[in-house]
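Working notes, structure below.
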Amino acid sequence: MTVLSNLRLFDGTRFLDETAISFDNGTITALGTMTDGIDMGGRLLSPGLIDLHMHGQMGEDNMRPGGTTRIATTQPQFGVTSFCPTSVTDSDEQTRVFLENVRQAMESAQGARVLGAYLEGPYLDHDLRGVHDERFLKEPSVSDYRALVEGYEDLIVRVTLAPEKNGGMELVRFLADQGITVSIGHSAATADETAEAVRLGVSTTTHTFNAMPALHHRQPGVLGVALTHPDLKAEFVADMVHIHPLIVKLIYLAKGAEGCFYCTDSMEAAGMRDGIYRLGNGAVSVQDGIARKGERLAGSTLTMDRGLRLLVEEADIPLHDALRMGTRNPADVIGRPDLGRLVPGAKADFVLWDDALHVEATYIEGRCFYRAD
């Protein structure tokens with residue numbers, strides 16, 4: 001058993017009076033005031049960050065063979081201990097390459113934990129598709145989904161779709177019945193259609209405010225429901241580019257700390273210099289850290305640790321709530337009570353932070369996978 005002492009502990013919801021944590025065989029065994037452990041110098045220790053929406057980073061992309069396995073090894077330096085590799089809309093053949101990448105990464109178990117596959121598409125609204133390739137957009141159907149993921153059914157943890165499309169509601173119900181997290185995104189649904197989708201099983205938005213109609217006082221649409229429905233969690237990209245810091249604050253105030261979570265929606269340029277990169281089938285230009293394909297945003301270059309700092313420094317979110325949005329909340333969204341919290345019985349996944357909220361060390365199942373120089 002290992003004991004870390006002289007810590008400032010955040011358990012996923014609040015800061016604790018306890019100052020020490022013990023773990024054994026990859027699992028947290030106790031929290032307390034023990035002083036006989038390794039002295040951590042009063043540093044902040046939180047659960048590991050969880051990114052439920054990321055396409056790539058550090059020159060790697062989930063759609064390329066071997067990309068997800070390599071991404072898993074780079075995640076700990078950003079405080080990420082678990083993540084959902086995310087697809088872009090592509091051919092069925094290429095989507096199945098993505099699914100095989102996810103399977104191989106889960107089997108290799110190198111670096112950050114791969115939670116399973118997240119399909120962002122192909123069942124999206126044409127006009128709100130963003131940079132998703134219009135050639136491969138489809139009408140949603142249970143039969144098409146079954147054929148697309150055949151042999152990989154057990155890997156799927158999240159799907160984004162536009163439920164207002166013909167067949168969309170039926171697919172929502174089917175996916176929810178499978179225990180899959182269903183998200184509404186790239187959608188032109190009305191408020192009534194959105195509420196019906198929530199009733200059938202949609203539980204989160206996809207990058208709130210992006211790829212959905214603007215909020216209108218007589219046509220509230222997806223956003224009106226997203227900001228007011230207690231059963232719909234709001235995902236947002238925390239780069240302060242996809243949405244202004246005041247809009248981040250609006251989401252936080254409307255939903256409460258427990259009702260929203262942040263992601264990166266990152267592409268391969270995350271952690272890299274400006275230049276020309278790829279996302280899906282197209283070239284993406286990154287200038288001043290902003291990724292664009294033509295005039296459209298094309299993912300982000302955000303990392304989860306930087307997102308935390310931006311939430312605190314630019315959106316004026318209290319640290320305990322910002323941490324919750326990147327730890328416990330995403331774990332709860334995908335039904336993983338063993339992640340995103342410091343409690344006995346949970347995975348020993350945590351991050352040691354310095355006073356400026358930079359990652360000093362990242363532990364996954366009690367093993368230190370990253371330590372800053």
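Residue numbers start at 1 in each chain; chains themselves are named A, B, ... in the order of the structure tokens; ligands are numbered from 1 in the order shown.
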
Report task. Could you give me, as a VMD selection string, the residues within 10 Å of A:Arg70, counting only C-alpha atoms and dropping anything in the same chain fewer than 4 positions from it? Result -> chain A and resid 56 to 62 65 to 66 74 to 75 105 110 to 111

Mind dumping the selected residues with N, CA and C atoms as a tab-separated table (two decimals), in the first residue's frame?
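Saved the output as again-v6.tsv:
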chain	number	residue	atom	x	y	z
A	56	GLY	N	-7.82	14.19	-31.50
A	56	GLY	CA	-6.39	13.95	-31.65
A	56	GLY	C	-5.59	14.95	-30.86
A	57	GLN	N	-4.27	14.74	-30.86
A	57	GLN	CA	-3.34	15.69	-30.26
A	57	GLN	C	-1.92	15.25	-30.57
A	58	MET	N	-0.99	16.17	-30.41
A	58	MET	CA	0.44	15.88	-30.55
A	58	MET	C	0.76	15.18	-31.88
A	59	GLY	N	0.10	15.64	-32.97
A	59	GLY	CA	0.36	15.09	-34.28
A	59	GLY	C	-0.30	13.76	-34.57
A	60	GLU	N	-1.17	13.30	-33.69
A	60	GLU	CA	-1.85	12.01	-33.87
A	60	GLU	C	-3.36	12.23	-34.00
A	61	ASP	N	-4.02	11.30	-34.71
A	61	ASP	CA	-5.45	11.39	-34.97
A	61	ASP	C	-6.08	10.03	-34.74
A	62	ASN	N	-7.25	10.01	-34.09
A	62	ASN	CA	-7.91	8.75	-33.79
A	62	ASN	C	-8.35	7.97	-35.02
A	65	PRO	N	-4.63	4.53	-38.36
A	65	PRO	CA	-4.21	3.28	-37.69
A	65	PRO	C	-3.17	3.54	-36.61
A	66	GLY	N	-3.44	3.04	-35.42
A	66	GLY	CA	-2.52	3.19	-34.29
A	66	GLY	C	-2.58	4.52	-33.59
A	74	THR	N	0.30	10.16	-24.66
A	74	THR	CA	0.59	11.59	-24.51
A	74	THR	C	-0.38	12.28	-23.54
A	75	GLN	N	-1.49	11.65	-23.25
A	75	GLN	CA	-2.51	12.30	-22.42
A	75	GLN	C	-2.07	12.60	-20.99
A	105	ALA	N	-6.27	0.09	-28.74
A	105	ALA	CA	-5.79	0.95	-27.66
A	105	ALA	C	-6.30	0.46	-26.31
A	110	GLN	N	-1.94	1.34	-22.56
A	110	GLN	CA	-0.75	2.16	-22.37
A	110	GLN	C	-1.18	3.60	-22.12
A	111	GLY	N	-0.75	4.17	-21.00
A	111	GLY	CA	-1.06	5.56	-20.72
A	111	GLY	C	-2.46	5.74	-20.19

Report task. For A:Met304, list every protein, DNA or RNA residue within 9 Å, evaluated using only C-alpha atoms, and leave out those in the same chain fewer than 3 positions away; present the list as a PyMOL selection string. Result -> chain A and resi 49-51+78-80+238+262-264+307-309+326

**Report entry** Selection: 12 Å around A:Ser108, only C-alpha atoms, excl. self and same-chain fewer than 2 positions, as a PyMOL selection string
**Finding:** chain A and resi 66+68-70+72-73+101-106+110-114

Query - Between atom CA of A:Val284 and atom CA of A:Asn210 - distance in Å to one decimal - result: 18.0 Å

Query raised in the report: For A:Val157, which residue out of A:Ser91, A:Thr86, A:Thr19, A:Ser285 is the nearest one, using only C-alpha atoms?
Result: A:Thr86

Could you name the residues that touch A:Ala234 at 12 Å or less, counting only C-alpha atoms, but leaving out those on the same chain fewer than 6 positions away, as a short mmCIF file (atom, residue, chain, number, x, y, z; two decimals) with N, CA and C atoms, in the first residue's frame?
data_model
loop_
_atom_site.label_atom_id
_atom_site.label_comp_id
_atom_site.auth_asym_id
_atom_site.auth_seq_id
_atom_site.Cartn_x
_atom_site.Cartn_y
_atom_site.Cartn_z
N SER A 183 -26.03 11.95 -27.30
CA SER A 183 -25.88 13.40 -27.25
C SER A 183 -26.56 14.04 -28.45
N ILE A 184 -27.14 15.20 -28.24
CA ILE A 184 -27.72 15.98 -29.32
C ILE A 184 -26.70 17.02 -29.77
N GLY A 185 -26.40 17.02 -31.06
CA GLY A 185 -25.42 17.95 -31.58
C GLY A 185 -25.48 18.01 -33.09
N VAL A 202 -31.76 11.00 -24.82
CA VAL A 202 -30.64 11.94 -24.96
C VAL A 202 -30.32 12.53 -23.59
N SER A 203 -29.04 12.53 -23.22
CA SER A 203 -28.66 12.99 -21.88
C SER A 203 -27.66 14.12 -21.87
N THR A 204 -27.04 14.43 -23.02
CA THR A 204 -26.08 15.52 -23.07
C THR A 204 -26.20 16.26 -24.41
N THR A 205 -25.68 17.47 -24.40
CA THR A 205 -25.45 18.19 -25.65
C THR A 205 -24.02 17.89 -26.13
N THR A 206 -23.78 18.28 -27.35
CA THR A 206 -22.43 18.25 -27.92
C THR A 206 -22.00 19.69 -28.18
N HIS A 207 -20.85 20.08 -27.65
CA HIS A 207 -20.30 21.44 -27.72
C HIS A 207 -21.41 22.51 -27.79
N THR A 208 -22.04 22.72 -26.65
CA THR A 208 -23.16 23.65 -26.51
C THR A 208 -22.84 25.01 -27.13
N PHE A 209 -23.80 25.53 -27.87
CA PHE A 209 -23.75 26.78 -28.63
C PHE A 209 -23.08 26.61 -29.99
N ASN A 210 -22.30 25.57 -30.20
CA ASN A 210 -21.67 25.35 -31.50
C ASN A 210 -22.45 24.30 -32.28
N VAL A 222 -32.65 23.88 -29.56
CA VAL A 222 -31.81 23.02 -28.73
C VAL A 222 -31.28 23.79 -27.53
N LEU A 223 -30.82 25.02 -27.77
CA LEU A 223 -30.19 25.77 -26.69
C LEU A 223 -31.16 26.08 -25.56
N GLY A 224 -32.39 26.43 -25.90
CA GLY A 224 -33.36 26.71 -24.85
C GLY A 224 -33.56 25.54 -23.91
N VAL A 225 -33.62 24.35 -24.48
CA VAL A 225 -33.76 23.15 -23.65
C VAL A 225 -32.46 22.84 -22.93
N ALA A 226 -31.34 22.99 -23.64
CA ALA A 226 -30.04 22.68 -23.03
C ALA A 226 -29.79 23.49 -21.77
N LEU A 227 -30.20 24.74 -21.78
CA LEU A 227 -29.92 25.63 -20.65
C LEU A 227 -30.92 25.49 -19.51
N THR A 228 -32.04 24.79 -19.75
CA THR A 228 -33.09 24.76 -18.73
C THR A 228 -33.52 23.37 -18.29
N VAL A 248 -19.48 30.81 -21.47
CA VAL A 248 -19.11 29.75 -20.54
C VAL A 248 -19.74 30.02 -19.18
N LEU A 250 -22.35 31.81 -18.59
CA LEU A 250 -23.80 31.64 -18.72
C LEU A 250 -24.20 30.17 -18.58
N ILE A 251 -23.48 29.28 -19.24
CA ILE A 251 -23.77 27.85 -19.13
C ILE A 251 -23.65 27.41 -17.67
N TYR A 252 -22.58 27.83 -17.03
CA TYR A 252 -22.33 27.47 -15.63
C TYR A 252 -23.44 27.97 -14.72
N LEU A 253 -23.87 29.22 -14.90
CA LEU A 253 -24.90 29.78 -14.04
C LEU A 253 -26.27 29.15 -14.33
N ALA A 254 -26.53 28.83 -15.60
CA ALA A 254 -27.82 28.24 -15.95
C ALA A 254 -27.93 26.80 -15.48
N LYS A 255 -26.85 26.04 -15.62
CA LYS A 255 -26.89 24.61 -15.35
C LYS A 255 -26.45 24.25 -13.94
N GLY A 256 -25.68 25.13 -13.31
CA GLY A 256 -25.07 24.78 -12.04
C GLY A 256 -23.82 23.93 -12.30
N ALA A 257 -22.97 23.86 -11.30
CA ALA A 257 -21.71 23.13 -11.47
C ALA A 257 -21.95 21.66 -11.79
N GLU A 258 -23.07 21.11 -11.33
CA GLU A 258 -23.33 19.69 -11.54
C GLU A 258 -23.94 19.40 -12.91
N GLY A 259 -24.33 20.43 -13.65
CA GLY A 259 -25.08 20.23 -14.89
C GLY A 259 -24.30 20.43 -16.17
N CYS A 260 -22.99 20.62 -16.08
CA CYS A 260 -22.20 20.85 -17.28
C CYS A 260 -20.81 20.24 -17.13
N PHE A 261 -20.15 20.04 -18.25
CA PHE A 261 -18.79 19.51 -18.24
C PHE A 261 -18.05 20.04 -19.45
N TYR A 262 -16.74 20.12 -19.32
CA TYR A 262 -15.96 20.66 -20.44
C TYR A 262 -15.18 19.56 -21.14
N CYS A 263 -14.86 19.85 -22.38
CA CYS A 263 -14.06 18.94 -23.20
C CYS A 263 -13.08 19.78 -24.01
N MET A 325 -16.09 20.00 -13.25
CA MET A 325 -16.51 19.93 -14.65
C MET A 325 -15.57 19.07 -15.50
N ASN A 329 -18.03 15.16 -13.18
CA ASN A 329 -19.16 15.30 -14.10
C ASN A 329 -19.03 14.44 -15.35
N PRO A 330 -17.90 14.49 -16.06
CA PRO A 330 -17.80 13.60 -17.22
C PRO A 330 -17.86 12.12 -16.86
N VAL A 333 -21.49 11.34 -16.54
CA VAL A 333 -22.18 11.35 -17.83
C VAL A 333 -22.14 9.98 -18.49
#

Query raised in the report: If you measure from atom CA of A:Arg135 to atom CA of A:Val182, what distance in Å do you get, rounded to one decimal?
Result: 23.2 Å

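The closest residue to A:Glu360, picked from A:Ala269, A:Ile334, A:Leu44, A:Leu31 and counting only C-alpha atoms, is A:Leu44.
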
Neighbouring residues of A:Ala147 were defined as those with any atom within 12 Å, considering only C-alpha atoms; residues of the same chain fewer than 6 positions away were excluded. Please report them as a PDB file with C-alpha atoms, in the first residue's frame.
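Heads up, here's the output in out-v5.pdb:
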ATOM      1  CA  ASP A  92     -18.109   3.183 -43.202  1.00  0.00           C
ATOM      2  CA  GLU A  93     -14.755   1.577 -43.973  1.00  0.00           C
ATOM      3  CA  THR A  95     -15.140   4.496 -39.357  1.00  0.00           C
ATOM      4  CA  ARG A  96     -14.452   0.816 -38.777  1.00  0.00           C
ATOM      5  CA  SER A 141     -31.559   4.286 -38.625  1.00  0.00           C
ATOM      6  CA  GLU A 153     -20.885  -3.035 -30.368  1.00  0.00           C
TER       7      GLU A 153
END

Query raised in the report: Between A:Arg199, A:Arg273, A:Arg306, A:Arg218, which one has atoms that come closest to A:Asp239, using only C-alpha atoms?
Result: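 Among the listed residues, the smallest separation from A:Asp239 belongs to A:Arg306.
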
Report summary line: Of A:Asp125, A:Lys347, A:Met267, A:Gly26, the one sitting nearest A:His53 when using only C-alpha atoms is A:Met267

Query raised in the report: Nearest to A:Ala348: which of A:Ala197, A:Ala117, A:Leu7, A:Met1 is it, counting only C-alpha atoms?
Result: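 Once distances to A:Ala348 are computed over only C-alpha atoms, the minimum belongs to A:Met1.
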
Could you please write out, as a compact mmCIF listing (two decimals) with all heavy atoms, in the first residue's frame, every residue of stretch 127-285 of chain A that DSSP assigns to strand (DSSP E)?
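Contents of result_37.txt, as written:
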# COMPACT_ATOMS: atom_id res chain seq x y z
N ILE A 156 -18.80 1.00 -28.02
CA ILE A 156 -19.43 2.30 -28.18
C ILE A 156 -19.93 2.81 -26.83
O ILE A 156 -20.74 2.17 -26.17
CB ILE A 156 -20.61 2.25 -29.17
CG1 ILE A 156 -20.22 1.51 -30.45
CG2 ILE A 156 -21.10 3.67 -29.47
CD1 ILE A 156 -19.08 2.11 -31.21
N VAL A 157 -19.45 3.97 -26.42
CA VAL A 157 -19.91 4.57 -25.16
C VAL A 157 -20.71 5.85 -25.38
O VAL A 157 -21.46 6.26 -24.49
CB VAL A 157 -18.74 4.85 -24.20
CG1 VAL A 157 -18.05 3.56 -23.79
CG2 VAL A 157 -17.74 5.82 -24.80
N ARG A 158 -20.56 6.47 -26.56
CA ARG A 158 -21.26 7.74 -26.78
C ARG A 158 -21.50 7.92 -28.28
O ARG A 158 -20.65 7.55 -29.10
CB ARG A 158 -20.43 8.91 -26.23
CG ARG A 158 -21.11 10.27 -26.30
CD ARG A 158 -20.23 11.38 -25.75
NE ARG A 158 -20.91 12.66 -25.85
CZ ARG A 158 -20.32 13.85 -25.68
NH1 ARG A 158 -19.03 13.90 -25.39
NH2 ARG A 158 -21.01 14.96 -25.80
N VAL A 159 -22.66 8.49 -28.62
CA VAL A 159 -23.01 8.81 -30.00
C VAL A 159 -23.67 10.18 -30.03
O VAL A 159 -24.56 10.46 -29.22
CB VAL A 159 -23.98 7.76 -30.60
CG1 VAL A 159 -24.42 8.19 -32.00
CG2 VAL A 159 -23.34 6.38 -30.65
N THR A 160 -23.23 11.03 -30.97
CA THR A 160 -23.91 12.29 -31.22
C THR A 160 -24.73 12.17 -32.50
O THR A 160 -24.25 11.64 -33.51
CB THR A 160 -22.90 13.44 -31.37
OG1 THR A 160 -22.41 13.81 -30.08
CG2 THR A 160 -23.53 14.67 -32.00
N LEU A 161 -25.95 12.68 -32.46
CA LEU A 161 -26.80 12.69 -33.65
C LEU A 161 -27.76 13.86 -33.61
O LEU A 161 -27.89 14.55 -32.58
CB LEU A 161 -27.55 11.35 -33.80
CG LEU A 161 -28.37 10.82 -32.62
CD1 LEU A 161 -29.69 11.55 -32.48
CD2 LEU A 161 -28.65 9.33 -32.81
N THR A 181 -24.34 6.59 -24.00
CA THR A 181 -24.64 8.00 -23.77
C THR A 181 -24.98 8.63 -25.11
O THR A 181 -24.17 8.63 -26.04
CB THR A 181 -23.43 8.71 -23.15
OG1 THR A 181 -23.16 8.13 -21.86
CG2 THR A 181 -23.69 10.19 -22.99
N VAL A 182 -26.20 9.17 -25.21
CA VAL A 182 -26.66 9.76 -26.47
C VAL A 182 -26.66 11.28 -26.32
O VAL A 182 -27.21 11.83 -25.36
CB VAL A 182 -28.08 9.28 -26.82
CG1 VAL A 182 -28.45 9.73 -28.24
CG2 VAL A 182 -28.18 7.76 -26.71
N SER A 183 -26.03 11.95 -27.30
CA SER A 183 -25.88 13.40 -27.25
C SER A 183 -26.56 14.04 -28.45
O SER A 183 -26.55 13.49 -29.55
CB SER A 183 -24.39 13.78 -27.26
OG SER A 183 -23.72 13.19 -26.16
N ILE A 184 -27.14 15.20 -28.24
CA ILE A 184 -27.72 15.98 -29.32
C ILE A 184 -26.70 17.02 -29.77
O ILE A 184 -26.17 17.78 -28.95
CB ILE A 184 -29.06 16.63 -28.92
CG1 ILE A 184 -29.68 17.37 -30.09
CG2 ILE A 184 -28.93 17.51 -27.69
CD1 ILE A 184 -31.12 17.83 -29.85
N VAL A 202 -31.76 11.00 -24.82
CA VAL A 202 -30.64 11.94 -24.96
C VAL A 202 -30.32 12.53 -23.59
O VAL A 202 -31.21 12.98 -22.87
CB VAL A 202 -30.98 13.06 -25.97
CG1 VAL A 202 -30.02 14.24 -25.82
CG2 VAL A 202 -30.93 12.54 -27.39
N SER A 203 -29.04 12.53 -23.22
CA SER A 203 -28.66 12.99 -21.88
C SER A 203 -27.66 14.12 -21.87
O SER A 203 -27.43 14.74 -20.82
CB SER A 203 -28.11 11.82 -21.06
OG SER A 203 -26.98 11.25 -21.69
N THR A 204 -27.04 14.43 -23.02
CA THR A 204 -26.08 15.52 -23.07
C THR A 204 -26.20 16.26 -24.41
O THR A 204 -26.70 15.72 -25.39
CB THR A 204 -24.61 15.06 -22.93
OG1 THR A 204 -24.11 14.61 -24.20
CG2 THR A 204 -24.46 13.96 -21.91
N THR A 205 -25.68 17.47 -24.40
CA THR A 205 -25.45 18.19 -25.65
C THR A 205 -24.02 17.89 -26.13
O THR A 205 -23.19 17.35 -25.39
CB THR A 205 -25.57 19.70 -25.46
OG1 THR A 205 -24.60 20.13 -24.48
CG2 THR A 205 -26.97 20.09 -25.00
N ALA A 234 -24.82 19.75 -20.19
CA ALA A 234 -24.29 20.60 -21.26
C ALA A 234 -22.78 20.45 -21.37
O ALA A 234 -22.04 20.83 -20.47
CB ALA A 234 -24.65 22.06 -21.00
N GLU A 235 -22.34 19.90 -22.50
CA GLU A 235 -20.91 19.86 -22.81
C GLU A 235 -20.52 21.17 -23.49
O GLU A 235 -21.28 21.72 -24.28
CB GLU A 235 -20.61 18.70 -23.76
CG GLU A 235 -19.16 18.64 -24.22
CD GLU A 235 -18.95 17.74 -25.42
OE1 GLU A 235 -19.22 18.16 -26.57
OE2 GLU A 235 -18.51 16.59 -25.21
N PHE A 236 -19.33 21.67 -23.19
CA PHE A 236 -18.82 22.83 -23.91
C PHE A 236 -17.30 22.72 -24.07
O PHE A 236 -16.63 22.03 -23.31
CB PHE A 236 -19.18 24.14 -23.19
CG PHE A 236 -18.58 24.30 -21.82
CD1 PHE A 236 -17.36 24.93 -21.64
CD2 PHE A 236 -19.24 23.82 -20.69
CE1 PHE A 236 -16.81 25.07 -20.37
CE2 PHE A 236 -18.70 23.96 -19.43
CZ PHE A 236 -17.47 24.58 -19.26
N VAL A 237 -16.81 23.39 -25.11
CA VAL A 237 -15.37 23.43 -25.38
C VAL A 237 -14.80 24.61 -24.62
O VAL A 237 -15.25 25.75 -24.77
CB VAL A 237 -15.09 23.57 -26.89
CG1 VAL A 237 -13.58 23.52 -27.15
CG2 VAL A 237 -15.80 22.48 -27.68
N CYS A 260 -22.99 20.62 -16.08
CA CYS A 260 -22.20 20.85 -17.28
C CYS A 260 -20.81 20.24 -17.13
O CYS A 260 -20.36 19.95 -16.02
CB CYS A 260 -22.11 22.34 -17.61
SG CYS A 260 -21.53 23.39 -16.25
N PHE A 261 -20.15 20.04 -18.25
CA PHE A 261 -18.79 19.51 -18.24
C PHE A 261 -18.05 20.04 -19.45
O PHE A 261 -18.65 20.40 -20.45
CB PHE A 261 -18.80 17.98 -18.23
CG PHE A 261 -19.40 17.32 -19.45
CD1 PHE A 261 -18.61 16.82 -20.46
CD2 PHE A 261 -20.78 17.22 -19.58
CE1 PHE A 261 -19.16 16.20 -21.58
CE2 PHE A 261 -21.35 16.60 -20.69
CZ PHE A 261 -20.54 16.09 -21.69
N TYR A 262 -16.74 20.12 -19.32
CA TYR A 262 -15.96 20.66 -20.44
C TYR A 262 -15.18 19.56 -21.14
O TYR A 262 -14.92 18.50 -20.58
CB TYR A 262 -15.07 21.81 -19.99
CG TYR A 262 -13.77 21.48 -19.28
CD1 TYR A 262 -12.58 21.35 -19.99
CD2 TYR A 262 -13.71 21.34 -17.89
CE1 TYR A 262 -11.37 21.09 -19.35
CE2 TYR A 262 -12.52 21.09 -17.24
CZ TYR A 262 -11.35 20.96 -17.98
OH TYR A 262 -10.15 20.69 -17.33
N CYS A 263 -14.86 19.85 -22.38
CA CYS A 263 -14.06 18.94 -23.20
C CYS A 263 -13.08 19.78 -24.01
O CYS A 263 -13.10 21.01 -23.96
CB CYS A 263 -14.97 18.13 -24.14
SG CYS A 263 -15.71 19.12 -25.47
N GLY A 275 0.43 25.66 -37.96
CA GLY A 275 0.82 25.03 -39.22
C GLY A 275 -0.39 24.44 -39.91
O GLY A 275 -1.54 24.76 -39.58
N ILE A 276 -0.14 23.56 -40.88
CA ILE A 276 -1.19 22.87 -41.62
C ILE A 276 -1.29 21.45 -41.10
O ILE A 276 -0.29 20.71 -41.07
CB ILE A 276 -0.92 22.88 -43.13
CG1 ILE A 276 -0.74 24.32 -43.63
CG2 ILE A 276 -2.05 22.19 -43.87
CD1 ILE A 276 -1.96 25.21 -43.43
N TYR A 277 -2.48 21.08 -40.71
CA TYR A 277 -2.74 19.75 -40.16
C TYR A 277 -3.94 19.16 -40.87
O TYR A 277 -4.47 19.73 -41.83
CB TYR A 277 -2.99 19.84 -38.64
CG TYR A 277 -1.80 20.32 -37.86
CD1 TYR A 277 -1.59 21.69 -37.64
CD2 TYR A 277 -0.86 19.42 -37.35
CE1 TYR A 277 -0.48 22.13 -36.92
CE2 TYR A 277 0.24 19.85 -36.64
CZ TYR A 277 0.43 21.20 -36.43
OH TYR A 277 1.52 21.64 -35.72
N ARG A 278 -4.40 18.00 -40.40
CA ARG A 278 -5.56 17.36 -41.00
C ARG A 278 -6.57 16.97 -39.91
O ARG A 278 -6.19 16.64 -38.79
CB ARG A 278 -5.16 16.11 -41.80
CG ARG A 278 -4.26 16.41 -42.98
CD ARG A 278 -4.19 15.24 -43.94
NE ARG A 278 -5.45 14.99 -44.64
CZ ARG A 278 -5.87 15.68 -45.69
NH1 ARG A 278 -5.15 16.68 -46.17
NH2 ARG A 278 -7.02 15.39 -46.27
N LEU A 279 -7.82 17.06 -40.30
CA LEU A 279 -8.92 16.54 -39.48
C LEU A 279 -9.88 15.86 -40.43
O LEU A 279 -10.44 16.51 -41.32
CB LEU A 279 -9.63 17.66 -38.72
CG LEU A 279 -10.83 17.24 -37.87
CD1 LEU A 279 -10.41 16.28 -36.77
CD2 LEU A 279 -11.54 18.46 -37.28
N GLY A 282 -9.89 16.56 -44.59
CA GLY A 282 -9.52 17.89 -45.04
C GLY A 282 -8.34 18.49 -44.30
O GLY A 282 -8.05 18.14 -43.17
N ALA A 283 -7.67 19.42 -45.00
CA ALA A 283 -6.58 20.16 -44.39
C ALA A 283 -7.15 21.24 -43.46
O ALA A 283 -8.18 21.85 -43.75
CB ALA A 283 -5.70 20.79 -45.46
N VAL A 284 -6.47 21.44 -42.36
CA VAL A 284 -6.87 22.43 -41.36
C VAL A 284 -5.69 23.36 -41.12
O VAL A 284 -4.56 22.91 -40.92
CB VAL A 284 -7.28 21.75 -40.04
CG1 VAL A 284 -7.51 22.78 -38.96
CG2 VAL A 284 -8.53 20.90 -40.25
N SER A 285 -5.97 24.65 -41.16
CA SER A 285 -4.94 25.64 -40.89
C SER A 285 -5.02 26.08 -39.44
O SER A 285 -6.10 26.44 -38.95
CB SER A 285 -5.13 26.86 -41.81
OG SER A 285 -4.23 27.89 -41.46

Query raised in the report: Out of stretch 27-228 of chain A, which residues get helix (DSSP H, G or I) from DSSP, as JSON, numbers by chain?
Result: {"A": [67, 68, 69, 70, 71, 72, 73, 74, 75, 76, 77, 78, 92, 93, 94, 95, 96, 97, 98, 99, 100, 101, 102, 103, 104, 105, 106, 107, 108, 134, 135, 136, 142, 143, 144, 145, 146, 147, 148, 149, 153, 154, 155, 168, 169, 170, 171, 172, 173, 174, 175, 176, 177, 191, 192, 193, 194, 195, 196, 197, 198, 199, 200, 221, 222, 223, 224, 225, 226, 227, 228]}

Query - A:Leu124, A:Thr27, A:Val312, A:Ile290 ranked by distance to A:Asp338, top pick (using only C-alpha atoms) - result: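 Checking each candidate against A:Asp338, we get A:Thr27 as the closest.
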